[in-house]
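Chemist: Attaching a single structure in structure tokens format; questions to follow.
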Amino acid sequence: MIRDIMKYSEKISNRLNNLLEKTYDAEKGYKLGSEKVENSAVKRFLDTKIGQRREFAEQLKTEILTYGELPKKEGSFKGDLHRTWMNITASLSPNETEIILSEVERGEKAFVAEYDEILKDEEVVLAPSTENLLISQRNSVQSALNTAKTYEEMIS
């Protein structure tokens, strides 16, 4: 029984840590984008998302600790590669802002899919607090995705 509870906590924490890692990556990606764009409305949008992702990270860390596990402290190597690609692609493009928003969209779509995968996983029953947190964060990511699409359409 105790062993099953420990496995459950570890499984949930691993899933949350994967989200946490992606949250760190998203925060860094938004920061890079904010440094590159000149459009003030897009810059404000990106800056807002930086703060939001910091808040997401704190919430996820608290949730992971609740399950008795340790939260990750940084993003992924894959995220580093994506930001490098974003940097190179944006610098070669005549419309840096459009490229950055396109990359934001790509990242947010993957992020929404990750949330959906966890929320729909029938093998893992989430505690109500965890489920509510993930739903709230997922909806915020979806909103950011929609906003990025709108900005991209406006500037292209």
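Order determines the names: the first chain of the structure tokens is A, the second B, and so forth; residues in each chain are numbered 1 upward, and ligands are numbered 1 upward as they are shown.
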For region 116-139 of chain A against region 9-26 of chain A, with a cut-off of 8 Å and counting only C-alpha atoms, what is the closest atom pair and its distance in Å to one decimal for every residue that makes the cut, ordered by chain and number, as a Markdown table?

Modeler:
```
| residue | atom | partner | partner_atom | distance |
| --- | --- | --- | --- | --- |
| A:Ile118 | CA | A:Arg15 | CA | 7.3 |
| A:Val124 | CA | A:Ile12 | CA | 7.5 |
| A:Leu126 | CA | A:Ile12 | CA | 7.8 |
```

Chemist: Please measure the separation of CA of Ile50 (chain A) and CA of Tyr67 (chain A), giving the value in Å to one decimal.

Modeler: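 That distance, rounded to one decimal, is 26.2 Å.
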
Chemist: Within 12 Å of Pro128 (chain A), counting only C-alpha atoms, which residues qualify if same-chain residues fewer than 5 places away don't, as a ChimeraX atom specification?

Modeler: /A:63,119,133-135

Chemist: For region 25-57 of chain A versus region 137-141 of chain A, which residues have an atom no more than 10 Å away, and what is each residue's nearest atom pair and distance in Å rounded to one decimal, using only C-alpha atoms, chain-then-number order, as a Markdown table?

Modeler:
```
| residue | atom | partner | partner_atom | distance |
| --- | --- | --- | --- | --- |
| A:Lys49 | CA | A:Val141 | CA | 9.2 |
| A:Gln52 | CA | A:Ser140 | CA | 8.9 |
| A:Arg53 | CA | A:Gln137 | CA | 9.3 |
| A:Glu55 | CA | A:Gln137 | CA | 9.9 |
| A:Phe56 | CA | A:Gln137 | CA | 7.0 |
```

Chemist: Please identify all polymer residues within 12 Å of Ser156 (chain A), counting only C-alpha atoms, omitting same-chain residues fewer than 5 positions from it, and present them as a PDB file with all heavy atoms, in the first residue's frame.

Modeler:
```
ATOM      1  N   PRO A  94      13.288  38.937 -42.568  1.00  0.00           N
ATOM      2  CA  PRO A  94      12.995  40.374 -42.640  1.00  0.00           C
ATOM      3  C   PRO A  94      11.939  40.796 -41.612  1.00  0.00           C
ATOM      4  O   PRO A  94      11.849  41.956 -41.265  1.00  0.00           O
ATOM      5  CB  PRO A  94      12.487  40.573 -44.066  1.00  0.00           C
ATOM      6  CG  PRO A  94      12.023  39.224 -44.513  1.00  0.00           C
ATOM      7  CD  PRO A  94      12.844  38.225 -43.753  1.00  0.00           C
ATOM      8  N   ASN A  95      11.148  39.845 -41.111  1.00  0.00           N
ATOM      9  CA  ASN A  95      10.135  40.164 -40.113  1.00  0.00           C
ATOM     10  C   ASN A  95      10.357  39.304 -38.869  1.00  0.00           C
ATOM     11  O   ASN A  95       9.708  38.278 -38.667  1.00  0.00           O
ATOM     12  CB  ASN A  95       8.728  39.949 -40.685  1.00  0.00           C
ATOM     13  CG  ASN A  95       7.653  40.528 -39.769  1.00  0.00           C
ATOM     14  OD1 ASN A  95       7.906  40.819 -38.599  1.00  0.00           O
ATOM     15  ND2 ASN A  95       6.469  40.678 -40.300  1.00  0.00           N
ATOM     16  N   GLU A  96      11.284  39.760 -38.026  1.00  0.00           N
ATOM     17  CA  GLU A  96      11.628  39.026 -36.796  1.00  0.00           C
ATOM     18  C   GLU A  96      10.412  38.754 -35.924  1.00  0.00           C
ATOM     19  O   GLU A  96      10.257  37.664 -35.395  1.00  0.00           O
ATOM     20  CB  GLU A  96      12.636  39.836 -35.960  1.00  0.00           C
ATOM     21  CG  GLU A  96      14.053  39.513 -36.213  1.00  0.00           C
ATOM     22  CD  GLU A  96      14.961  40.223 -35.216  1.00  0.00           C
ATOM     23  OE1 GLU A  96      14.614  41.305 -34.706  1.00  0.00           O
ATOM     24  OE2 GLU A  96      16.035  39.675 -34.952  1.00  0.00           O
ATOM     25  N   THR A  97       9.554  39.754 -35.784  1.00  0.00           N
ATOM     26  CA  THR A  97       8.400  39.632 -34.891  1.00  0.00           C
ATOM     27  C   THR A  97       7.481  38.506 -35.350  1.00  0.00           C
ATOM     28  O   THR A  97       7.003  37.712 -34.534  1.00  0.00           O
ATOM     29  CB  THR A  97       7.636  40.967 -34.812  1.00  0.00           C
ATOM     30  OG1 THR A  97       8.533  41.977 -34.354  1.00  0.00           O
ATOM     31  CG2 THR A  97       6.458  40.878 -33.863  1.00  0.00           C
ATOM     32  N   GLU A  98       7.252  38.408 -36.650  1.00  0.00           N
ATOM     33  CA  GLU A  98       6.384  37.346 -37.166  1.00  0.00           C
ATOM     34  C   GLU A  98       6.985  35.967 -36.891  1.00  0.00           C
ATOM     35  O   GLU A  98       6.280  35.043 -36.482  1.00  0.00           O
ATOM     36  CB  GLU A  98       6.165  37.531 -38.668  1.00  0.00           C
ATOM     37  CG  GLU A  98       5.166  36.556 -39.243  1.00  0.00           C
ATOM     38  CD  GLU A  98       4.888  36.812 -40.717  1.00  0.00           C
ATOM     39  OE1 GLU A  98       5.411  37.776 -41.293  1.00  0.00           O
ATOM     40  OE2 GLU A  98       4.134  36.003 -41.282  1.00  0.00           O
ATOM     41  N   ILE A  99       8.291  35.826 -37.080  1.00  0.00           N
ATOM     42  CA  ILE A  99       8.966  34.551 -36.822  1.00  0.00           C
ATOM     43  C   ILE A  99       8.876  34.200 -35.338  1.00  0.00           C
ATOM     44  O   ILE A  99       8.581  33.061 -34.971  1.00  0.00           O
ATOM     45  CB  ILE A  99      10.446  34.604 -37.266  1.00  0.00           C
ATOM     46  CG1 ILE A  99      10.539  34.775 -38.779  1.00  0.00           C
ATOM     47  CG2 ILE A  99      11.215  33.385 -36.795  1.00  0.00           C
ATOM     48  CD1 ILE A  99       9.980  33.629 -39.585  1.00  0.00           C
ATOM     49  N   LEU A 101       6.628  35.200 -33.138  1.00  0.00           N
ATOM     50  CA  LEU A 101       5.248  34.831 -32.796  1.00  0.00           C
ATOM     51  C   LEU A 101       4.899  33.440 -33.329  1.00  0.00           C
ATOM     52  O   LEU A 101       4.186  32.682 -32.667  1.00  0.00           O
ATOM     53  CB  LEU A 101       4.272  35.881 -33.338  1.00  0.00           C
ATOM     54  CG  LEU A 101       4.282  37.207 -32.585  1.00  0.00           C
ATOM     55  CD1 LEU A 101       3.480  38.256 -33.343  1.00  0.00           C
ATOM     56  CD2 LEU A 101       3.746  37.035 -31.166  1.00  0.00           C
ATOM     57  N   SER A 102       5.423  33.107 -34.479  1.00  0.00           N
ATOM     58  CA  SER A 102       5.206  31.769 -35.034  1.00  0.00           C
ATOM     59  C   SER A 102       5.822  30.705 -34.119  1.00  0.00           C
ATOM     60  O   SER A 102       5.217  29.651 -33.870  1.00  0.00           O
ATOM     61  CB  SER A 102       5.813  31.682 -36.434  1.00  0.00           C
ATOM     62  OG  SER A 102       5.678  30.394 -36.955  1.00  0.00           O
ATOM     63  N   LYS A 149      -1.488  34.171 -32.125  1.00  0.00           N
ATOM     64  CA  LYS A 149      -2.035  34.035 -33.486  1.00  0.00           C
ATOM     65  C   LYS A 149      -2.608  35.358 -33.967  1.00  0.00           C
ATOM     66  O   LYS A 149      -2.410  35.755 -35.110  1.00  0.00           O
ATOM     67  CB  LYS A 149      -3.133  32.962 -33.518  1.00  0.00           C
ATOM     68  CG  LYS A 149      -2.639  31.558 -33.464  1.00  0.00           C
ATOM     69  CD  LYS A 149      -3.818  30.585 -33.498  1.00  0.00           C
ATOM     70  CE  LYS A 149      -3.373  29.152 -33.345  1.00  0.00           C
ATOM     71  NZ  LYS A 149      -4.520  28.220 -33.323  1.00  0.00           N
ATOM     72  N   THR A 150      -3.329  36.035 -33.085  1.00  0.00           N
ATOM     73  CA  THR A 150      -3.940  37.325 -33.446  1.00  0.00           C
ATOM     74  C   THR A 150      -2.863  38.348 -33.797  1.00  0.00           C
ATOM     75  O   THR A 150      -2.958  39.036 -34.820  1.00  0.00           O
ATOM     76  CB  THR A 150      -4.819  37.853 -32.291  1.00  0.00           C
ATOM     77  OG1 THR A 150      -5.840  36.889 -32.008  1.00  0.00           O
ATOM     78  CG2 THR A 150      -5.439  39.194 -32.632  1.00  0.00           C
ATOM     79  N   TYR A 151      -1.832  38.453 -32.970  1.00  0.00           N
ATOM     80  CA  TYR A 151      -0.734  39.378 -33.263  1.00  0.00           C
ATOM     81  C   TYR A 151      -0.041  39.030 -34.562  1.00  0.00           C
ATOM     82  O   TYR A 151       0.289  39.901 -35.359  1.00  0.00           O
ATOM     83  CB  TYR A 151       0.275  39.424 -32.117  1.00  0.00           C
ATOM     84  CG  TYR A 151      -0.130  40.287 -30.956  1.00  0.00           C
ATOM     85  CD1 TYR A 151      -0.134  39.783 -29.667  1.00  0.00           C
ATOM     86  CD2 TYR A 151      -0.479  41.612 -31.145  1.00  0.00           C
ATOM     87  CE1 TYR A 151      -0.501  40.584 -28.586  1.00  0.00           C
ATOM     88  CE2 TYR A 151      -0.851  42.414 -30.071  1.00  0.00           C
ATOM     89  CZ  TYR A 151      -0.864  41.901 -28.796  1.00  0.00           C
ATOM     90  OH  TYR A 151      -1.219  42.693 -27.752  1.00  0.00           O
TER      91      TYR A 151
END
```

Chemist: As an MDAnalysis selection string, please: the residues near region 32-39 of chain A (cut-off 8 Å, only C-alpha atoms, same-chain neighbours under 2 positions excluded).

Modeler: chainID A and resid 28:30 41:44 46:47 83 87 96:97 100

Chemist: One number please: CA of Arg54 (chain A) to CA of Asn132 (chain A), in Å, one decimal.

Modeler: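 About the pair CA of Arg54 (chain A) and CA of Asn132 (chain A): they are 18.1 Å apart.
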
Chemist: Quick check for you: according to DSSP on this backbone, which residues of chain A are classed as alpha helix (DSSP H)? Reply as an MDAnalysis selection string.

Modeler: chainID A and resid 2:36 40:66 77:92 96:120 128:155

Chemist: Tell me, in Å to one decimal, how far CA of Val125 (chain A) is from CA of Leu60 (chain A).

Modeler: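 Between these atoms lies a distance of 17.0 Å.
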
Chemist: Name all residues at most 8 Å from Leu70 (chain A) (count only C-alpha atoms; drop same-chain ones fewer than 4 positions away) and give them as a PyMOL selection string.

Modeler: chain A and resi 61+64-65
